[in-house]
Each structure stands twice: as C-alpha cells, then as structure tokens.
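Shown next: my_file.txt, given as compact mmCIF, C-alpha atoms and all ligand atoms.
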# COMPACT_ATOMS: atom_id res chain seq x y z
CA MET M 1 17.54 -5.57 -1.66
CA ASP M 2 16.82 -9.12 -0.56
CA PHE M 3 14.59 -9.92 2.40
CA ASP M 4 17.51 -10.32 4.82
CA THR M 5 18.82 -6.88 3.92
CA LEU M 6 15.38 -5.31 4.33
CA HIS M 7 15.12 -7.11 7.67
CA ALA M 8 18.49 -5.76 8.79
CA LEU M 9 17.71 -2.15 7.86
CA GLY M 10 16.91 0.16 10.76
CA LYS M 11 13.24 1.11 10.80
CA THR M 12 10.68 3.24 12.60
CA GLU M 13 6.97 2.68 13.02
CA LEU M 14 4.39 5.29 13.99
CA HIS M 15 1.21 3.29 13.37
CA CYS M 16 0.91 -0.09 15.09
CA HIS M 17 -2.12 -1.24 17.12
CA LEU M 18 -1.45 -3.25 20.26
CA ASP M 19 -4.57 -5.41 20.02
CA GLY M 20 -4.03 -6.09 16.31
CA SER M 21 -0.41 -7.10 16.66
CA LEU M 22 -0.15 -9.80 19.36
CA SER M 23 1.92 -12.84 18.46
CA LEU M 24 0.14 -16.21 18.53
CA ARG M 25 2.40 -17.18 21.43
CA CYS M 26 1.26 -14.15 23.42
CA ILE M 27 -2.40 -14.77 22.54
CA ARG M 28 -2.03 -18.32 23.91
CA GLN M 29 -0.37 -17.03 27.09
CA LEU M 30 -3.11 -14.45 27.68
CA ALA M 31 -5.90 -16.95 26.94
CA LYS M 32 -4.40 -19.37 29.44
CA MET M 33 -4.47 -16.68 32.12
CA ILE M 34 -8.27 -16.53 31.82
CA ASN M 35 -8.78 -20.24 31.07
CA ARG M 36 -10.10 -19.50 27.64
CA PRO M 37 -9.84 -22.49 25.32
CA LEU M 38 -8.13 -21.93 21.96
CA PRO M 39 -7.67 -24.19 18.95
CA ALA M 40 -4.60 -26.40 19.36
CA SER M 41 -3.11 -25.71 15.98
CA ASP M 42 -1.57 -22.35 15.10
CA ASP M 43 -3.19 -22.51 11.67
CA ALA M 44 -6.63 -22.72 13.25
CA LEU M 45 -5.83 -19.92 15.70
CA ARG M 46 -4.53 -17.76 12.87
CA GLN M 47 -7.90 -18.07 11.14
CA LEU M 48 -9.53 -16.51 14.20
CA VAL M 49 -7.15 -13.59 14.68
CA GLN M 50 -6.39 -12.58 11.09
CA ALA M 51 -8.73 -10.47 9.01
CA PRO M 52 -10.62 -12.67 6.56
CA ALA M 53 -9.14 -12.64 3.06
CA ASP M 54 -12.52 -11.59 1.72
CA SER M 55 -13.09 -8.59 4.06
CA GLU M 56 -15.45 -6.27 2.26
CA ASN M 57 -14.71 -3.09 4.11
CA LEU M 58 -13.27 -1.55 7.26
CA ALA M 59 -16.22 -2.67 9.39
CA ASP M 60 -15.61 -6.27 8.35
CA TYR M 61 -11.90 -5.97 9.14
CA LEU M 62 -12.61 -4.46 12.57
CA LYS M 63 -14.77 -7.44 13.63
CA THR M 64 -11.56 -9.46 14.01
CA PHE M 65 -10.54 -7.31 16.99
CA ASP M 66 -13.43 -8.64 19.07
CA PHE M 67 -11.54 -11.89 19.49
CA VAL M 68 -8.61 -10.50 21.48
CA ALA M 69 -10.45 -7.81 23.47
CA PRO M 70 -11.39 -10.16 26.36
CA LEU M 71 -7.71 -11.12 26.71
CA LEU M 72 -6.62 -7.54 27.42
CA GLN M 73 -8.49 -6.78 30.64
CA THR M 74 -5.81 -6.95 33.37
CA LYS M 75 -2.61 -5.09 34.12
CA LYS M 76 -0.56 -8.23 33.66
CA ALA M 77 -2.15 -8.96 30.27
CA LEU M 78 -1.61 -5.44 28.97
CA GLN M 79 2.00 -5.47 30.19
CA LEU M 80 2.72 -8.78 28.50
CA ALA M 81 0.98 -7.62 25.31
CA ALA M 82 2.99 -4.40 25.09
CA PHE M 83 6.22 -6.30 25.74
CA ASP M 84 5.31 -8.81 23.04
CA VAL M 85 4.67 -6.23 20.32
CA VAL M 86 7.87 -4.32 21.10
CA ALA M 87 9.81 -7.60 21.00
CA GLN M 88 8.46 -8.34 17.53
CA ALA M 89 9.42 -4.88 16.32
CA ALA M 90 12.91 -5.03 17.86
CA GLU M 91 13.49 -8.40 16.19
CA GLU M 92 13.13 -6.73 12.80
CA ASN M 93 15.36 -3.81 13.77
CA VAL M 94 12.72 -1.21 14.44
CA ARG M 95 14.56 1.55 16.36
CA TYR M 96 11.49 3.58 17.35
CA ILE M 97 7.85 2.53 17.64
CA GLU M 98 4.64 4.16 18.82
CA ILE M 99 2.11 1.53 19.90
CA ARG M 100 -1.52 2.54 20.13
CA PHE M 101 -4.45 1.02 21.97
CA ALA M 102 -7.94 1.98 23.14
CA PRO M 103 -8.15 2.17 26.96
CA ALA M 104 -11.96 2.04 26.70
CA PHE M 105 -11.66 -1.53 25.41
CA SER M 106 -9.61 -2.67 28.44
CA ILE M 107 -11.77 -1.62 31.38
CA SER M 108 -14.35 -4.40 31.56
CA GLY M 109 -12.22 -6.26 34.15
CA GLY M 110 -12.21 -3.30 36.52
CA LEU M 111 -9.14 -1.33 35.38
CA SER M 112 -9.53 2.42 35.15
CA LEU M 113 -8.83 4.24 31.87
CA SER M 114 -5.44 5.36 33.17
CA GLU M 115 -4.49 2.07 34.87
CA ALA M 116 -4.85 0.35 31.50
CA THR M 117 -2.39 2.82 29.97
CA GLU M 118 0.01 2.54 32.90
CA ALA M 119 0.12 -1.21 32.34
CA VAL M 120 0.91 -0.77 28.65
CA ILE M 121 3.64 1.73 29.51
CA GLU M 122 5.09 -0.71 32.04
CA GLY M 123 5.29 -3.37 29.30
CA LEU M 124 6.98 -0.92 26.95
CA HIS M 125 9.54 -0.01 29.62
CA GLN M 126 10.31 -3.64 30.34
CA ALA M 127 10.87 -4.25 26.64
CA MET M 128 13.13 -1.20 26.32
CA THR M 129 15.41 -2.54 29.05
CA LYS M 130 15.74 -5.80 27.14
CA PHE M 131 15.87 -4.67 23.49
CA ASP M 132 17.62 -1.96 21.51
CA ILE M 133 14.49 0.08 20.76
CA VAL M 134 12.58 3.15 21.94
CA ALA M 135 8.86 2.40 22.41
CA LYS M 136 6.09 4.86 23.31
CA ALA M 137 2.32 4.61 23.73
CA LEU M 138 -0.59 6.39 22.07
CA VAL M 139 -4.15 6.19 23.41
CA CYS M 140 -7.00 5.85 20.91
CA GLY M 141 -10.38 7.45 21.17
CA MET M 142 -12.90 5.42 19.18
CA ARG M 143 -15.08 7.12 16.57
CA GLN M 144 -18.15 5.05 17.43
CA LEU M 145 -18.04 5.91 21.13
CA PRO M 146 -19.85 8.98 22.46
CA ASN M 147 -17.71 12.12 22.60
CA ALA M 148 -18.17 12.13 26.38
CA ASP M 149 -16.45 8.72 26.63
CA ASN M 150 -13.52 9.79 24.46
CA GLN M 151 -13.23 13.05 26.40
CA ALA M 152 -13.17 11.14 29.69
CA MET M 153 -10.46 8.87 28.30
CA PHE M 154 -8.22 11.78 27.26
CA ARG M 155 -8.82 13.56 30.58
CA ALA M 156 -7.94 10.42 32.53
CA ASN M 157 -4.72 9.92 30.56
CA ALA M 158 -3.40 13.46 30.12
CA ALA M 159 -1.35 13.22 33.34
CA LEU M 160 0.63 10.30 31.86
CA LEU M 161 1.87 12.37 28.94
CA GLY M 162 5.65 12.48 28.76
CA ASN M 163 5.94 9.43 30.94
CA GLY M 164 5.77 6.75 28.24
CA LEU M 165 2.51 8.06 26.80
CA VAL M 166 3.25 10.51 23.99
CA GLY M 167 -0.05 11.19 22.25
CA GLY M 168 -3.48 10.17 21.08
CA ASP M 169 -5.42 8.93 18.07
CA PHE M 170 -8.97 8.27 16.93
CA ALA M 171 -9.69 4.88 15.33
CA GLY M 172 -12.71 2.71 14.62
CA ASN M 173 -15.82 2.96 12.47
CA GLU M 174 -15.10 5.76 10.02
CA ALA M 175 -17.89 4.95 7.56
CA ASP M 176 -20.64 5.77 10.08
CA PHE M 177 -18.82 8.31 12.25
CA PRO M 178 -17.16 11.01 10.14
CA THR M 179 -14.47 13.34 11.46
CA SER M 180 -16.96 16.12 12.19
CA VAL M 181 -18.79 13.88 14.70
CA CYS M 182 -15.58 13.53 16.74
CA ALA M 183 -14.75 17.26 16.71
CA PRO M 184 -15.71 17.89 20.35
CA ALA M 185 -13.44 15.09 21.61
CA ILE M 186 -10.64 16.15 19.24
CA LYS M 187 -10.85 19.67 20.67
CA THR M 188 -10.77 18.35 24.23
CA ALA M 189 -7.66 16.30 23.52
CA GLN M 190 -6.00 19.31 21.92
CA ALA M 191 -6.94 21.55 24.85
CA LEU M 192 -5.34 19.00 27.19
CA GLY M 193 -2.12 19.22 25.14
CA VAL M 194 -2.35 15.68 23.73
CA PRO M 195 -0.41 15.47 20.44
CA LEU M 196 -2.77 13.83 17.96
CA THR M 197 -2.72 11.53 15.00
CA PHE M 198 -5.99 10.47 13.40
CA HIS M 199 -7.36 7.61 11.28
CA ALA M 200 -8.99 9.08 8.17
CA GLY M 201 -9.60 8.24 4.54
CA GLU M 202 -10.16 4.49 4.84
CA CYS M 203 -13.75 4.64 3.56
CA HIS M 204 -13.44 6.49 0.26
CA CYS M 205 -14.21 9.73 2.07
CA PRO M 206 -11.52 12.36 1.41
CA GLN M 207 -13.60 14.87 3.37
CA ASN M 208 -12.63 13.09 6.59
CA ILE M 209 -8.96 13.74 5.82
CA ALA M 210 -9.58 17.39 4.92
CA GLU M 211 -11.55 17.98 8.12
CA ALA M 212 -8.86 16.40 10.28
CA ILE M 213 -6.25 18.69 8.73
CA PHE M 214 -8.60 21.65 9.17
CA LEU M 215 -8.89 20.75 12.86
CA GLY M 216 -5.11 21.06 13.16
CA ILE M 217 -4.14 17.38 13.37
CA PRO M 218 -0.50 17.02 12.21
CA ARG M 219 -0.51 13.28 11.38
CA ILE M 220 -3.07 11.21 9.50
CA GLY M 221 -3.26 7.42 9.62
CA HIS M 222 -3.96 5.95 6.18
CA ALA M 223 -5.26 9.00 4.21
CA THR M 224 -5.97 6.50 1.44
CA ALA M 225 -8.87 8.41 -0.09
CA CYS M 226 -6.57 11.26 -1.16
CA PHE M 227 -5.16 9.16 -4.01
CA ASP M 228 -7.17 10.98 -6.73
CA GLN M 229 -7.56 14.34 -4.96
CA PRO M 230 -4.76 16.68 -6.11
CA ASP M 231 -6.09 19.64 -4.11
CA LEU M 232 -6.16 17.59 -0.92
CA ILE M 233 -2.66 16.30 -1.60
CA GLN M 234 -1.51 19.90 -2.01
CA LYS M 235 -3.14 20.69 1.32
CA ILE M 236 -1.29 17.77 2.93
CA VAL M 237 2.01 19.07 1.56
CA GLN M 238 1.38 22.72 2.43
CA THR M 239 0.39 21.89 5.99
CA HIS M 240 3.35 19.49 6.43
CA THR M 241 0.93 16.79 7.49
CA THR M 242 2.67 13.44 7.97
CA ILE M 243 0.91 10.43 6.45
CA GLU M 244 1.08 7.00 8.09
CA LEU M 245 0.64 4.66 5.11
CA CYS M 246 -0.54 1.08 5.78
CA LEU M 247 -0.49 -0.81 2.49
CA THR M 248 -1.51 -4.37 3.38
CA SER M 249 -4.24 -3.14 5.71
CA ASN M 250 -5.66 -0.86 2.98
CA LEU M 251 -5.87 -3.71 0.50
CA GLN M 252 -7.68 -5.82 3.10
CA THR M 253 -10.21 -3.17 4.13
CA LYS M 254 -10.69 -2.19 0.46
CA ALA M 255 -9.70 1.35 1.40
CA ALA M 256 -7.61 0.76 -1.75
CA ARG M 257 -9.42 -1.61 -4.09
CA SER M 258 -6.23 -1.94 -6.12
CA LEU M 259 -2.66 -0.64 -5.98
CA ASP M 260 -3.82 2.24 -8.19
CA GLU M 261 -6.01 3.45 -5.35
CA PHE M 262 -3.11 3.45 -2.86
CA PRO M 263 -1.82 7.03 -2.55
CA TYR M 264 1.91 6.29 -2.21
CA GLN M 265 3.00 7.42 -5.66
CA ALA M 266 0.80 10.52 -5.72
CA LEU M 267 1.94 11.60 -2.24
CA LYS M 268 5.58 10.88 -2.96
CA ALA M 269 5.50 12.79 -6.25
CA ALA M 270 3.96 15.77 -4.46
CA GLY M 271 6.68 15.72 -1.80
CA ALA M 272 4.41 14.76 1.10
CA ALA M 273 5.93 13.43 4.34
CA ILE M 274 5.04 9.74 4.12
CA THR M 275 5.89 6.88 6.46
CA ILE M 276 5.52 3.09 6.18
CA ASN M 277 3.60 1.16 8.83
CA THR M 278 2.03 -2.24 9.53
CA ASP M 279 -1.20 -1.02 11.19
CA ASN M 280 -1.84 -4.49 12.63
CA ARG M 281 0.86 -7.12 12.48
CA THR M 282 -1.39 -10.06 13.34
CA VAL M 283 -4.77 -9.00 11.98
CA SER M 284 -3.09 -8.03 8.69
CA ASN M 285 -0.56 -10.90 8.83
CA THR M 286 2.38 -8.63 8.11
CA THR M 287 5.64 -7.22 9.46
CA LEU M 288 7.38 -3.95 8.71
CA THR M 289 10.00 -5.88 6.74
CA HIS M 290 7.24 -7.45 4.65
CA GLU M 291 5.74 -4.00 4.01
CA TYR M 292 9.16 -2.75 2.83
CA GLU M 293 9.37 -5.73 0.53
CA LEU M 294 5.97 -4.92 -0.97
CA TYR M 295 6.95 -1.28 -1.59
CA GLN M 296 10.15 -2.42 -3.24
CA THR M 297 8.27 -4.88 -5.46
CA TYR M 298 5.29 -2.73 -6.36
CA PHE M 299 6.78 0.76 -6.40
CA LYS M 300 10.55 0.27 -6.81
CA THR M 301 11.14 2.00 -3.48
CA THR M 302 14.90 2.39 -2.83
CA ALA M 303 17.09 2.45 0.28
CA ALA M 304 17.29 6.24 -0.06
CA ASP M 305 13.47 6.38 -0.09
CA PHE M 306 13.24 4.14 2.97
CA LEU M 307 15.70 6.36 4.84
CA ALA M 308 13.73 9.46 3.87
CA PHE M 309 10.48 7.87 5.12
CA ASN M 310 12.17 6.91 8.39
CA LEU M 311 13.39 10.47 8.84
CA ASN M 312 9.83 11.68 8.13
CA ALA M 313 8.65 9.38 10.92
CA ILE M 314 11.24 10.72 13.34
CA ASN M 315 10.29 14.30 12.47
CA ALA M 316 6.64 13.52 13.22
CA ALA M 317 7.26 11.34 16.30
CA PHE M 318 5.79 12.71 19.51
CA ILE M 319 9.15 12.87 21.34
CA SER M 320 11.67 15.55 22.25
CA GLU M 321 14.07 17.07 19.74
CA PRO M 322 17.20 15.59 21.44
CA ALA M 323 15.58 12.12 21.35
CA LYS M 324 14.81 12.63 17.66
CA GLN M 325 18.40 13.65 16.94
CA THR M 326 19.74 10.48 18.56
CA LEU M 327 17.40 8.39 16.39
CA ARG M 328 18.29 10.31 13.23
CA ASN M 329 21.99 9.68 13.82
CA ARG M 330 21.29 6.00 14.37
CA LEU M 331 19.28 5.69 11.16
CA GLN M 332 21.88 7.56 9.12
CA GLN M 333 24.44 5.00 10.34
CA ASP M 334 22.07 2.12 9.56
CA TYR M 335 21.63 3.25 5.96
CA ALA M 336 25.19 4.45 5.25
CA ALA M 337 26.18 1.18 3.61
CA PHE M 338 23.14 1.19 1.31
CA LEU M 339 23.18 4.68 -0.17
O1 LIG Q 401 -7.20 0.44 10.24
C1 LIG Q 401 -7.93 0.72 11.21
N1 LIG Q 401 -8.89 1.65 11.07
C2 LIG Q 401 -9.71 2.01 12.08
N2 LIG Q 401 -9.63 1.46 13.30
C3 LIG Q 401 -8.70 0.50 13.48
C4 LIG Q 401 -7.82 0.10 12.48
N3 LIG Q 401 -7.02 -0.88 12.97
C5 LIG Q 401 -7.38 -1.05 14.25
N4 LIG Q 401 -8.41 -0.23 14.54
C6 LIG Q 401 -9.14 -0.14 15.81
C7 LIG Q 401 -9.51 -1.51 16.37
C8 LIG Q 401 -8.79 -1.57 17.69
O2 LIG Q 401 -9.54 -2.23 18.67
C9 LIG Q 401 -8.60 -0.11 18.04
C10 LIG Q 401 -7.50 0.19 19.02
O3 LIG Q 401 -6.29 -0.40 18.68
O4 LIG Q 401 -8.33 0.48 16.77
ZN ZN Q 402 -4.75 1.86 12.36
Represent the supplied structure as structure tokens.
Amino acid sequence: MDFDTLHALGKTELHCHLDGSLSLRCIRQLAKMINRPLPASDDALRQLVQAPADSENLADYLKTFDFVAPLLQTKKALQLAAFDVVAQAAEENVRYIEIRFAPAFSISGGLSLSEATEAVIEGLHQAMTKFDIVAKALVCGMRQLPNADNQAMFRANAALLGNGLVGGDFAGNEADFPTSVCAPAIKTAQALGVPLTFHAGECHCPQNIAEAIFLGIPRIGHATACFDQPDLIQKIVQTHTTIELCLTSNLQTKAARSLDEFPYQALKAAGAAITINTDNRTVSNTTLTHEYELYQTYFKTTAADFLAFNLNAINAAFISEPAKQTLRNRLQQDYAAFL
C-alpha cells in the first residue's frame, strides 16, 4: 500500500504520550503564553524537542521531555495540548486514541493532580466535538518517583475514571527502577479500580515484563526485551496480555539495537495480541501512518494484519463493550476495500 492508502486507513492508538507528541505549532503557542523565547526556525526548534539521533539509552531519550514540561503547567496549556494531539491523530484517521500524561509533571504552577487531568480531559472533549475520533486519557505514575507520590496521584484521579479518564500507566526510568520497586503503587492503583497498562522491557530486562504480568497488568507498553525469551512470549500469549509496540521509539532508545531485537515477528508468530503505536509523535519524529509504513517495509505487514492489530487494540482499550463494538464495526468498514 502506498503512503496515501496507509494514511487513509482507519487506525487506533493505545500508547501516545501527551508531552512527547505536541506539534511545533502548539509548542510555539504554549511558549508564547509564558513568554518563553524559542528559536525562530522550525528546524532549530525541532532539534530541541526531538530525541537526539545518537540517544544511547532510555535515560538519554527521556531528557528531551524536560524541554516541554514547563509549558504544561496551566489548565489552558493542558487543554490546548490535548486538543492538539487529538487533532494530529484525527488527521491521519485514527478512530480511537488513549493519550497518557503524568499529572505529577504538571503541578508546579499550582494545579492539583486532578485539576491537571481535568484540563486534559477538557481538551480531549473539545477535540471530539470537532473531529471524528474517540479520545480518552490515561494518567502515568513515574517509576522514579516515590511510591507515595504515585499512590497520591492515583488516589487523586480515581474519581475521574469513566469521565474521560479510562486508566493508568507507569513510565519513566526503567533501568534504575525495576517493576518490583513500583509494586506498592501498582497495587494501590489496582485496589482503586484503575485499569492499568505498564511500560516494561525497554532496558534489556525481560524480568520487568514478567513481573508486570505476574502483578496482573493486562497491557504492556513496549515489552521489547521479550524478543529472545520464548517462555516469556508464551506467558504473554497464555495470559492474553496485549503488547503496545513502539518501533521507532525502541530503535531510538536502543531498547532494540537492531530490527532483529524488535519483538514483532516473534510475538506475531506466537499469536500474541500486538498493537502498533507511536509512543511520542514529536520526540520520536513519527506518526502512526509512518509506523505502518515501516512495518510494511521491514516486516511485510499486510492490510489484514493491520486490521487484526487494530481489533487487538479495541479489545484491550479501557472502554465499555458497546463502545468497542461501535469501533470494531467502523474499522471493519474501513478495511473492507483492502482485504
Ligand atoms: O518510552 C518511554 N519509556 C518510559 N517513559 C517514557 C517513554 N516515553 C515517554 N515517557 C515518559 C516521559 C514523559 O514525561 C512521561 C509522561 O508522558 O512518560
Ligand atoms: Zn511510552
């Protein structure tokens, strides 16, 4: 399929970070609101907000996020940011998206942990009235923060569940903060009834994936380190764990040092529920259409595969069964001409 066809295909995205996906136009708008000077040329700005081509690891990649954090400290900024990311997704025919962000990184201007989320939800709602897309929010605990902080964040946000907020995640510094360290906050989120996904396997540590599954988490972001672990892949299949693959991001963080270390083929062959995601549209300089193009080029992924991955995403989405059925019908229609 050519790029225009891939662009036109209906899509779904479970794994997209708000702060890593702001358009340059939105970054300029938010910077202006706080009188922060930015380079005049988009090329120069891009250098500041994209992960460096020579990132050595996840920690290196994550440094890029420090640049936008000060821009996301007011209700208005978070609303505009959420609207902006949904608009980008709708433009490439994403029918359903879950957008995640860390409330703890948006409270230095005086917002509370739940006000930050309310602002994101407001932006998502505004975008849904304008575009043909369903957009929901996930709140991220951060691995490097104390469990008490992540627990406070989930407690503060639990009341918003079902009202635009549909679940939670843990992101951040995996190399220094393994899954076991986060177990108390994971258990708190689960006790509060927060559906969870979880970043794991970006640092050549399959144990972090295994522990997340053991803790009962039904979706794993990345899971890259399972690529040469047949027993773990079997576990993923047996437990019906859905995997949120992020190809470009993995090559940048060196979670996969080559395509051979990317687990797509091994997971697909084993019958695992995989999904395709951008992770960070701006930091990784990608779009979902571009990711589809890469899968097609590298792995000969077909329209039937793409449909199957979209249906996997719908199955694992943190929304009601009737809402899922509406999206499934829509995607079946989208792909009918290509199968
Ligand atoms: O790929 C990632 N792995 C771990 N953490 C990540 C990744 N992409 C973004 N993050 C972090 C940085 C953001 O500030 C935070 C919330 O979106 O999530
Ligand atoms: Zn991520």
Query - Pairwise distance for atom CA of Gly110 of chain M and atom CA of Asn157 of chain M, rounded to one decimal in Å - result: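 Value for the atom CA of Gly110 of chain M-atom CA of Asn157 of chain M distance: 16.3 Å.
Closest approach to Leu22 of chain M from the set M:Leu38, M:Ala200, M:Ala59, M:Leu78 is made by M:Leu78, with distances taken over all atoms listed in the file.
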Query - Near-ligand residues for ligand ZN 402 (chain Q), threshold 9 Å, all atoms listed in the file, as a PyMOL selection string - result: chain M and resi 15-17+20+100+170-172+198-199+221-222+244+246+249+278-280
Query raised in the report: When distances are computed from only C-alpha atoms and all ligand atoms, which of M:Gly10, M:Gly141, M:Pro39, M:Pro263 shows the smallest separation from ligand LIG 401 (chain Q)?
Result: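 Among M:Gly10, M:Gly141, M:Pro39, M:Pro263, it is M:Gly141 that comes nearest to ligand LIG 401 (chain Q).
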Query - Within-6 Å shell of (13.2, 3.2, 21.5) in input frame, all atoms listed in the file, as a list in words - result: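 Result, sorted by chain then residue number: Arg95, Tyr96, Ile133, Val134 and Ala135 of chain M.
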**Report entry** Surrounding residues of Leu160 of chain M excluding itself and chain neighbours under 3 positions, 8 Å, all atoms listed in the file, as a PyMOL selection string
**Finding:** chain M and resi 114+118+157+163-165
Taking all atoms of segment 147-165 of chain M that the file lists and extending 5 Å past them on each side, where is the centre of the axis-aligned box and how long are its edges? Answer in Å to one decimal, as AutoDock Vina command-line options.
--center_x -6.1 --center_y 10.2 --center_z 28.0 --size_x 34.1 --size_y 16.8 --size_z 20.7
Query raised in the report: Which neighbours of Thr188 of chain M fall inside 10 Å, counting all atoms listed in the file, when residues of the same chain fewer than 3 positions from it are skipped, and could you give them as a PyMOL selection string?
Result: chain M and resi 147-148+150-152+154-155+183-185+191-194
Requested in this report: Mind giving me the straight-line distance from atom CA of Glu98 of chain M to atom CA of Ala303 of chain M in Å, one decimal?
Outcome: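 Interatomic distance, atom CA of Glu98 of chain M to atom CA of Ala303 of chain M: 22.4 Å.
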Requested in this report: Pick out the closest residue to ligand LIG 401 (chain Q) from this set: M:Arg28, M:His240, M:Arg281, M:Lys324. Count only C-alpha atoms and all ligand atoms.
Outcome: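 Selected residue with least distance to ligand LIG 401 (chain Q): M:Arg281.
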Query - atom CA of Gln88 of chain M to atom CA of Pro70 of chain M, straight-line distance in Å - result: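 About the pair atom CA of Pro70 of chain M and atom CA of Gln88 of chain M: they are 21.8 Å apart.
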Query raised in the report: Taking (-8.1, 17.7, 12.6) in the file's coordinates as the center, which residues reach within 10 Å of it, counting all atoms listed in the file, put as a PyMOL selection string?
Result: chain M and resi 179-180+182-183+186-187+190+196-198+200+208-220
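Using only C-alpha atoms and all ligand atoms, the nearest neighbour of ligand LIG 401 (chain Q) within the list M:Leu48, M:Cys205, M:Leu111, M:Val139 is M:Val139.
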Query raised in the report: Do you know which residues are at most 8 Å from Leu267 of chain M counting only C-alpha atoms, after dropping those on the same chain fewer than 6 positions away, and could you put them as number ranges by chain?
Result: M: 227, 233, 273-274
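Closest approach to Leu58 of chain M among M:Gln325, M:Gln252, M:Thr286, M:Thr129 is made by M:Gln252 (distances from all atoms listed in the file).
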Report summary line: Residue with the minimum atom-to-atom distance to Met142 of chain M, picked from M:Asp176, M:Asp54, M:Glu291, M:Glu115 with all atoms listed in the file counted, is M:Asp176
